[in-house]
Every structure is written in structure tokens, then in C-alpha cells.
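Visitor: Below you'll find the structure I mean.
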Amino acid sequence: MPHIVLDQVTKSFGVHQVLPPLDLDLDDGEFTVLVGPSGCGKSTTLRILAGLEIPSSGEIYFDDQPISALEPKDRDVAMVFQDYALYPHMNVAKNMSFALRLARVPKAEIDEKVKQVAALLNIQDYLHRKPAELSGGQRQRVAMGRVLVRDAGTFLFDEPLSNLDAQLRAKMRTELAEMRDKIDKNMIYVTHDQTEAMTLGDRIVVMKGGVIQQQGTPEALFKRPANKFVAGFIGSPPMNFLHGELSETNGSFRVRGDGFDLPLNDEQRSRLETASRPVEIGIRPSAFSADSQAGAPIDLHLVVSEYLGAHSVLVTRCGVEDVLVEYDSATPMKAGTTMTFGVRSDDIMLFDVTTGVTL
Ligand SMILES: Nc1ncnc2c1ncn2[C@@H]1O[C@H](COP(=O)(O)OP(=O)(O)O)[C@@H](O)[C@H]1O
Ligand SMILES: [Mg+2]
């Protein structure tokens, strides 16, 4: 499988530049997820890799060889599209083997490959059914199987689960994660869903407006987001952001705002250097401890409690801003009360007010 590099690749449609110069270097055999809001250029990037779209400038390299001049079929790439269409008159086995039969691969080899991929996708019992006799999830798997039987070095997936309902999507996500470990190929997977990105990616590339915001392991993106956008995009429920003012008393820093006054630690202090700068703080919903002694106290006014069974998501207000809190409670909480939580300095992230860059 090739080592893929995008070097200053741009794409414009008319005057509209969708991708400003984009650099990307993918390790071979990695499962890479491109994630970002709708319209940020994920599909365009994938289509450029597949050869379905020509870059306006820049070059793509597979193992140091430029490939821009290569036809899609000569790129050793196979792609699963968001809007897949199965051949309705062919059964699952025929659908899956279509490309191989076209390429005149010997029958025994085709049968073996279809069997192997069907087992991987858990559709071995449906090989003789027509698409109309399958559930949405099964059809989705056949669409994937049709591509996986091909012996490509790189597989591209464009939001393959987005047509499924939430429950099926979660199930397929787990199955994909299991399958991922059995396939030693380049996999590049596009989604707007951060949960899919977090559960599937060896490496996640977060995009916004065609620009890569950050790339790294799921853990790195969650624990050390490079900016406010990534901090707010990765993690569910999303991070809370509050406007704050820094102040210095007796050599230590605090951050104050409408309804809160929290101490910062020495490490944060050393990164900030001066107290005379505006900051925005970020606190994850999971960082509020019901034990108010477990950190500095913060009072939150409970507006709505979303009871989920084992825990609740509390919608609270701090000053005029909404703050989400993940709260371990086996019983529903009563709205209208004020609760005191503990927040550790370590769990407070600081962002530059103007640029959004993590401080
Ligand atoms: N063929 C096209 N012609 C004009 N604009 C396009 C075309 N394809 C995509 N775009 C625009 O490029 C931007 C990025 O699209 P796309 O890559 O499909 O985003 P994503 O997959 O991240 O949702 C969007 O603003 C979209 O409208
Ligand atoms: Mg898309």
C-alpha cells in the first residue's frame, strides 16, 4: 500500500476556493479520518485522491510518485460513496463480485474473495438475497463489500454510514472498528460525526473551511486541542466556553467572569506570562465534580435536567451563559435549584479571545 502525500493541493470551483493549499502526509496502513462540518471540503479532498476531481494546483504523491496524471482506475484506489446504489436485479454475491467479474478474475478466486469479505462484514448468510430483501444496514454492508473485494492499496470511504438511523450507525461503527483491525490497508474515512471519528481513527484530521485545524490521535485531540474549534468539535456533550478576565493576586493567577472565579495553576500561569490579556475558558461537561471540595467551587443554576438513566446531562446557567454538566445520578434532578460543583484548575482550558488558539 502506498505512502500518500498531498503537497499544497488546492481546489477552486470558479472563483470559490474550497481548498486553500492543503498539506497532508498519511502513514501507510493507517486508518485516517477526515472530520469537519458539512461543506468544509472533505468529499472534495477524497475525490481528488480518487482522481474524480482534478486539483487546481499542487500535487499528490503515492510512494513519492506524482499521480495527478493517472486515471482513477490506475490509482490502486477503491471508494465507497455516501449514496451507494446496489444493482437491484443482482443478488448480494453478484453485487459484490461485479467489479471482479468485469476484470475477468478467475471464478474460484472471485468466490473465495466474496466469501472472505462477506465473513468480514457478517453478510455470509445473505449472499443469495436481492437488495430489496435486505435491511438498510445489510445493504450498507454489501455496498462496502463490493468495494472491499477489490484488491486496492487504499480504500476511501465518504460518510458511508450517514444514510443509516442512529442505532444502526452505532452498530456499524463498532463493526467497522472491528474490521479495521483485520485489514492492513490505507483507509481514509470521511465523516462529519465526531463520534465516528473518535471511535474509528488511528489518526483524525479536523478540517474547517478547507483548512486543517489539527491532526493527531483521538486522545491527543481530546486532551490537547490546538484551538477552540477543535476543543468544541471533539467531545460529546461539547465543551463549555466562558468569557473571563485574568487577575493576579499574591503571584497567582485567577480567571473571573460572570458567575465564576477560579484559580489557575502554576503551569497555566507560566504559559500566560501576563495577567493583562483577555481569555476565554473551556471546561468539559465531565469536568464538573459533584464534590465541591474536589476543586474550586462554582455555583451553577439548574435549568433543565436531561435524565439518561445512569447519568444526567444538566443544562445549567452560569451568569447568562449555558453550561452543560455530566452528572452521575441514578435519579432525575430537580430544575430550579443552584448547585455547587468543584472544578480543578487542570481541567480549565484557556483560549486566545481573538484567534481561538489554545494558550
Ligand atoms: N462540483 C462543485 N461545484 C461547485 N462547488 C462545489 C462542487 N463540489 C463541492 N463544491 C463546494 O465545495 C465546498 C466543499 O464541498 P465538499 O467537499 O462536498 O464538503 P464536505 O464533504 O466537507 O461536506 C462546498 O461549499 C460545496 O458547495
Ligand atoms: Mg461530503
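Chains: A, B, ... in order of the C-alpha cells. Residues: from 1 per chain. Ligands: from 1, in order shown.
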Within 12 Å of A:Thr174, counting only C-alpha atoms, which residues qualify if same-chain residues fewer than 2 places away don't, as a PyMOL selection string?
Guide: chain A and resi 121+161+167-172+176-181+195-200
Visitor: Around ligand 1, which protein and nucleic acid residues have at least one atom no more than 10 Å from it, if we count only C-alpha atoms and all ligand atoms? List them as JSON, numbers by chain.
Guide: {"A": [11, 12, 13, 14, 15, 16, 17, 18, 19, 34, 35, 36, 37, 38, 39, 40, 41, 42, 43, 44, 45, 46, 47, 48, 53, 82, 158, 159, 190, 191, 192, 207, 208, 209, 210]}
Visitor: Save the residues we just selected, N, CA and C atoms, as a compact mmCIF listing (two decimals), in the first residue's frame?
Guide:
```txt
# COMPACT_ATOMS: atom_id res chain seq x y z
N LYS A 11 -8.11 23.54 -4.48
CA LYS A 11 -9.22 23.31 -5.40
C LYS A 11 -10.16 24.50 -5.39
N SER A 12 -10.44 25.02 -6.54
CA SER A 12 -11.43 26.09 -6.67
C SER A 12 -12.51 25.64 -7.64
N PHE A 13 -13.74 26.01 -7.32
CA PHE A 13 -14.84 25.84 -8.28
C PHE A 13 -15.19 27.25 -8.73
N GLY A 14 -14.82 27.64 -9.95
CA GLY A 14 -15.00 29.03 -10.39
C GLY A 14 -14.14 29.92 -9.52
N VAL A 15 -14.77 30.95 -8.94
CA VAL A 15 -13.99 31.87 -8.10
C VAL A 15 -13.95 31.38 -6.65
N HIS A 16 -14.70 30.32 -6.37
CA HIS A 16 -14.86 29.86 -5.00
C HIS A 16 -13.75 28.86 -4.64
N GLN A 17 -12.82 29.30 -3.78
CA GLN A 17 -11.75 28.38 -3.38
C GLN A 17 -12.22 27.51 -2.21
N VAL A 18 -12.35 26.23 -2.49
CA VAL A 18 -12.84 25.28 -1.49
C VAL A 18 -11.68 24.78 -0.63
N LEU A 19 -10.56 24.50 -1.28
CA LEU A 19 -9.37 24.08 -0.55
C LEU A 19 -8.25 25.08 -0.77
N LEU A 34 -11.00 11.99 8.13
CA LEU A 34 -11.15 13.43 7.89
C LEU A 34 -12.50 13.83 8.46
N VAL A 35 -12.48 14.75 9.41
CA VAL A 35 -13.75 15.12 10.04
C VAL A 35 -13.87 16.64 10.06
N GLY A 36 -15.11 17.11 9.91
CA GLY A 36 -15.35 18.55 9.94
C GLY A 36 -16.79 18.80 9.57
N PRO A 37 -17.26 20.02 9.79
CA PRO A 37 -18.66 20.31 9.48
C PRO A 37 -18.94 20.19 7.99
N SER A 38 -20.20 20.06 7.66
CA SER A 38 -20.61 19.93 6.27
C SER A 38 -20.10 21.11 5.45
N GLY A 39 -19.59 20.81 4.27
CA GLY A 39 -19.14 21.87 3.38
C GLY A 39 -17.69 22.30 3.57
N CYS A 40 -16.95 21.60 4.45
CA CYS A 40 -15.58 22.04 4.74
C CYS A 40 -14.56 21.48 3.75
N GLY A 41 -15.00 20.67 2.80
CA GLY A 41 -14.08 20.19 1.76
C GLY A 41 -13.61 18.76 1.92
N LYS A 42 -14.28 17.97 2.74
CA LYS A 42 -13.86 16.59 2.97
C LYS A 42 -14.05 15.74 1.71
N SER A 43 -15.25 15.79 1.15
CA SER A 43 -15.52 14.98 -0.04
C SER A 43 -14.62 15.40 -1.19
N THR A 44 -14.42 16.71 -1.31
CA THR A 44 -13.57 17.21 -2.39
C THR A 44 -12.16 16.63 -2.24
N THR A 45 -11.63 16.60 -1.03
CA THR A 45 -10.30 16.04 -0.80
C THR A 45 -10.26 14.56 -1.19
N LEU A 46 -11.30 13.83 -0.82
CA LEU A 46 -11.35 12.41 -1.13
C LEU A 46 -11.46 12.18 -2.64
N ARG A 47 -12.29 12.99 -3.28
CA ARG A 47 -12.49 12.85 -4.73
C ARG A 47 -11.22 13.20 -5.50
N ILE A 48 -10.45 14.13 -4.96
CA ILE A 48 -9.17 14.47 -5.58
C ILE A 48 -8.21 13.27 -5.46
N GLU A 53 -11.76 14.26 -9.23
CA GLU A 53 -11.72 15.72 -9.26
C GLU A 53 -10.24 16.08 -9.48
N GLN A 82 -21.19 7.93 -0.35
CA GLN A 82 -22.30 8.15 0.56
C GLN A 82 -23.61 7.62 -0.03
N ASP A 158 -16.61 7.73 1.93
CA ASP A 158 -17.21 9.05 2.09
C ASP A 158 -18.52 8.92 2.85
N GLU A 159 -18.51 9.20 4.13
CA GLU A 159 -19.69 9.15 5.00
C GLU A 159 -20.53 7.91 4.74
N VAL A 190 -14.18 9.63 5.63
CA VAL A 190 -14.69 10.98 5.81
C VAL A 190 -16.01 10.95 6.57
N THR A 191 -16.14 11.82 7.54
CA THR A 191 -17.40 11.92 8.29
C THR A 191 -17.53 13.32 8.89
N HIS A 192 -18.79 13.71 9.19
CA HIS A 192 -18.97 14.97 9.91
C HIS A 192 -19.24 14.65 11.39
N MET A 207 -10.94 19.34 9.92
CA MET A 207 -10.94 20.40 8.92
C MET A 207 -12.05 21.41 9.19
N LYS A 208 -11.76 22.65 8.80
CA LYS A 208 -12.80 23.69 8.84
C LYS A 208 -12.51 24.63 7.69
N GLY A 209 -13.49 24.89 6.85
CA GLY A 209 -13.29 25.78 5.71
C GLY A 209 -12.10 25.40 4.84
N GLY A 210 -11.89 24.10 4.65
CA GLY A 210 -10.80 23.63 3.80
C GLY A 210 -9.45 23.66 4.47
```
Visitor: Just the residues within 12 Å of stretch 219-224 of chain A, please, counting only C-alpha atoms, with nothing from its chain fewer than 4 positions along; format it as number ranges by chain.
Guide: A: 35, 194-195, 197-199, 201-206, 213-215, 228-236, 238-239, 282-284, 346-351, 357-359
Visitor: So the first atom is atom CA of A:Asp165 and the second is atom CA of A:Asn95; what is the distance between them in Å, to one decimal place?
Guide: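 Rounded to one decimal, the two atoms are 23.3 Å apart.
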Visitor: In Å to one decimal, how far is atom CA of A:Leu86 from atom CA of A:Lys130?
Guide: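 Calculated distance between atom CA of A:Lys130 and atom CA of A:Leu86 is 9.4 Å.
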Visitor: Of the candidates A:Phe81, A:Phe155, A:Phe98, A:Phe241, which shows the shortest atom-to-atom distance to ligand 2, using only C-alpha atoms and all ligand atoms?
Guide: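 Going through A:Phe81, A:Phe155, A:Phe98, A:Phe241 one by one, the smallest distance to ligand 2 is for A:Phe81.
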Visitor: Need to verify the contact set: A:Asp258, 9 Å, only C-alpha atoms, exclusion of same-chain residues closer than 2 positions in sequence. Can you return it as a ChimeraX atom specification?
Guide: /A:242-244,256,260-261,318-321
Visitor: When you look at A:Gly309 with a cut-off of 8 Å (counting only C-alpha atoms), what residues show up, excluding the ones that are within fewer than 5 positions of it in the same chain? I need them as a list in words.
Guide: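 Residues near the query, excluding close chain neighbours: Ser329, Ala330 and Thr331 of chain A.
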Visitor: Output the selection as a PDB file, in the first residue's frame - N, CA and C atoms for each residue.
Guide:
```pdb
ATOM      1  N   SER A 329     -25.962  10.449  38.349  1.00  0.00           N
ATOM      2  CA  SER A 329     -27.069  10.366  39.282  1.00  0.00           C
ATOM      3  C   SER A 329     -28.094   9.383  38.763  1.00  0.00           C
ATOM      4  N   ALA A 330     -28.492   8.468  39.610  1.00  0.00           N
ATOM      5  CA  ALA A 330     -29.445   7.448  39.195  1.00  0.00           C
ATOM      6  C   ALA A 330     -30.878   7.967  39.242  1.00  0.00           C
ATOM      7  N   THR A 331     -31.052   9.165  39.807  1.00  0.00           N
ATOM      8  CA  THR A 331     -32.399   9.736  39.881  1.00  0.00           C
ATOM      9  C   THR A 331     -32.419  11.091  39.183  1.00  0.00           C
TER      10      THR A 331
END
```
Visitor: Counting only C-alpha atoms, which of A:Asp83, A:Ser135, A:Thr32, A:Glu245 gets nearest to A:Gly257?
Guide: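 Ranked by minimum distance to A:Gly257, first place goes to A:Glu245.
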Visitor: Which residue, A:Ala275, A:Leu308, A:Met1, A:Ile183, has the smallest gap to A:Asp28 when you use only C-alpha atoms?
Guide: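 Using only C-alpha atoms, A:Asp28 sits closest to A:Met1.
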Visitor: Would you please work out which residue, of A:Glu280, A:Val315, A:Tyr327, A:Ser162, is nearest to ligand 2 when using only C-alpha atoms and all ligand atoms?
Guide: A:Ser162
Visitor: Taking the DSSP assignment computed from this structure's backbone, write out as a PyMOL selection string all residues of stretch 171-226 of chain A that belong to strand (DSSP E).
Guide: chain A and resi 186-191+203-208+211-216
Visitor: Could you tell me how far atom CA of A:Leu156 sits from atom CA of A:Ile54, in Å to one decimal place?
Guide: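 Between atom CA of A:Ile54 and atom CA of A:Leu156 the gap works out to 16.5 Å.
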Visitor: Near A:Leu70, within 12 Å and counting only C-alpha atoms, which residues show up once chain neighbours fewer than 2 positions away are dropped, as a list in words?
Guide: Ile48, Leu49, Ala50, Gly51, Leu52, Glu53, Ile54, Glu59, Ile60, Tyr61, Phe62, Gln65, Pro66, Ile67, Ser68, Pro72, Lys73, Asp74, Arg75, Asp76 and Val77 of chain A
Visitor: May I have all residues of stretch 118-326 of chain A that DSSP, computed from the backbone, assigns to helix (DSSP H, G or I), given as a VMD selection string?
Guide: chain A and resid 118 to 121 124 to 126 131 to 133 136 to 148 166 to 180 194 to 200 218 to 223 228 to 233 266 to 272 285 to 287 292 to 294
Visitor: Keeping only C-alpha atoms, take the residues you just selected and write them out as a CSV table (one decimal), in the first residue's frame.
Guide:
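Okay, this is what ended up in again.csv:
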```csv
chain,number,residue,atom,x,y,z
A,118,ALA,CA,-18.8,-11.5,3.4
A,119,ALA,CA,-17.5,-13.1,6.5
A,120,LEU,CA,-15.6,-10.0,7.5
A,121,LEU,CA,-18.8,-7.9,7.1
A,124,GLN,CA,-22.3,-14.5,4.6
A,125,ASP,CA,-25.9,-15.7,5.2
A,126,TYR,CA,-27.4,-13.3,2.7
A,131,PRO,CA,-31.0,-5.9,-2.2
A,132,ALA,CA,-34.8,-5.5,-1.7
A,133,GLU,CA,-34.8,-8.4,0.7
A,136,GLY,CA,-30.7,-0.8,5.4
A,137,GLY,CA,-27.7,-1.9,7.4
A,138,GLN,CA,-27.2,-5.1,5.4
A,139,ARG,CA,-27.4,-3.1,2.2
A,140,GLN,CA,-24.8,-0.7,3.5
A,141,ARG,CA,-22.5,-3.6,4.2
A,142,VAL,CA,-23.0,-5.0,0.7
A,143,ALA,CA,-22.0,-1.6,-0.7
A,144,MET,CA,-18.9,-1.8,1.4
A,145,GLY,CA,-18.2,-5.4,0.5
A,146,ARG,CA,-18.5,-4.5,-3.2
A,147,VAL,CA,-15.5,-2.2,-2.7
A,148,LEU,CA,-13.6,-4.3,-0.2
A,166,ALA,CA,-28.8,6.3,14.8
A,167,GLN,CA,-29.0,2.8,16.2
A,168,LEU,CA,-27.7,1.1,13.1
A,169,ARG,CA,-25.0,3.7,12.7
A,170,ALA,CA,-23.7,2.9,16.2
A,171,LYS,CA,-23.8,-0.8,15.4
A,172,MET,CA,-22.0,-0.4,12.1
A,173,ARG,CA,-19.5,1.8,13.7
A,174,THR,CA,-18.5,-0.9,16.2
A,175,GLU,CA,-18.3,-3.5,13.3
A,176,LEU,CA,-16.2,-1.2,11.3
A,177,ALA,CA,-13.8,-0.7,14.2
A,178,GLU,CA,-13.5,-4.5,14.5
A,179,MET,CA,-13.0,-4.9,10.7
A,180,ARG,CA,-10.5,-2.1,10.7
A,194,GLN,CA,-17.0,13.3,15.7
A,195,THR,CA,-18.1,10.1,17.5
A,196,GLU,CA,-17.3,8.1,14.3
A,197,ALA,CA,-14.0,9.9,14.0
A,198,MET,CA,-13.1,9.2,17.6
A,199,THR,CA,-14.0,5.5,17.6
A,200,LEU,CA,-12.5,4.7,14.2
A,218,PRO,CA,-8.2,10.7,19.3
A,219,GLU,CA,-6.7,11.1,22.7
A,220,ALA,CA,-4.4,14.0,21.7
A,221,LEU,CA,-7.3,15.9,20.1
A,222,PHE,CA,-9.4,15.4,23.1
A,223,LYS,CA,-6.8,16.2,25.7
A,228,LYS,CA,-11.3,26.5,20.4
A,229,PHE,CA,-12.8,25.0,17.2
A,230,VAL,CA,-11.2,21.6,17.8
A,231,ALA,CA,-12.0,21.8,21.5
A,232,GLY,CA,-15.7,22.4,20.8
A,233,PHE,CA,-15.9,19.9,17.9
A,266,ASP,CA,1.5,27.5,38.1
A,267,GLU,CA,1.8,25.7,34.7
A,268,GLN,CA,-1.1,27.8,33.3
A,269,ARG,CA,0.4,30.8,34.8
A,270,SER,CA,3.8,30.2,33.1
A,271,ARG,CA,2.0,29.8,29.7
A,272,LEU,CA,0.1,33.0,30.1
A,285,PRO,CA,-19.1,18.8,30.9
A,286,SER,CA,-17.4,15.8,32.5
A,287,ALA,CA,-15.0,18.1,34.5
A,292,SER,CA,-17.4,20.8,45.5
A,293,GLN,CA,-14.2,20.2,47.6
A,294,ALA,CA,-12.7,18.4,44.6
```
Visitor: List the neighbours of A:Asn186 out to 6 Å using only C-alpha atoms; skip same-chain residues closer than 2 positions along the sequence, and give me the result as a list in words.
Guide: Asp28, Gly29, Glu30 and Thr154 of chain A
Visitor: Put those residues in a file: C-alpha atoms, as a short mmCIF file (atom, residue, chain, number, x, y, z; two decimals), in the first residue's frame.
Guide:
```
data_model
loop_
_atom_site.label_atom_id
_atom_site.label_comp_id
_atom_site.auth_asym_id
_atom_site.auth_seq_id
_atom_site.Cartn_x
_atom_site.Cartn_y
_atom_site.Cartn_z
CA ASP A 28 0.86 3.63 5.31
CA GLY A 29 -1.61 1.20 6.76
CA GLU A 30 -3.24 3.87 8.86
CA THR A 154 -6.10 2.42 -0.50
#
```
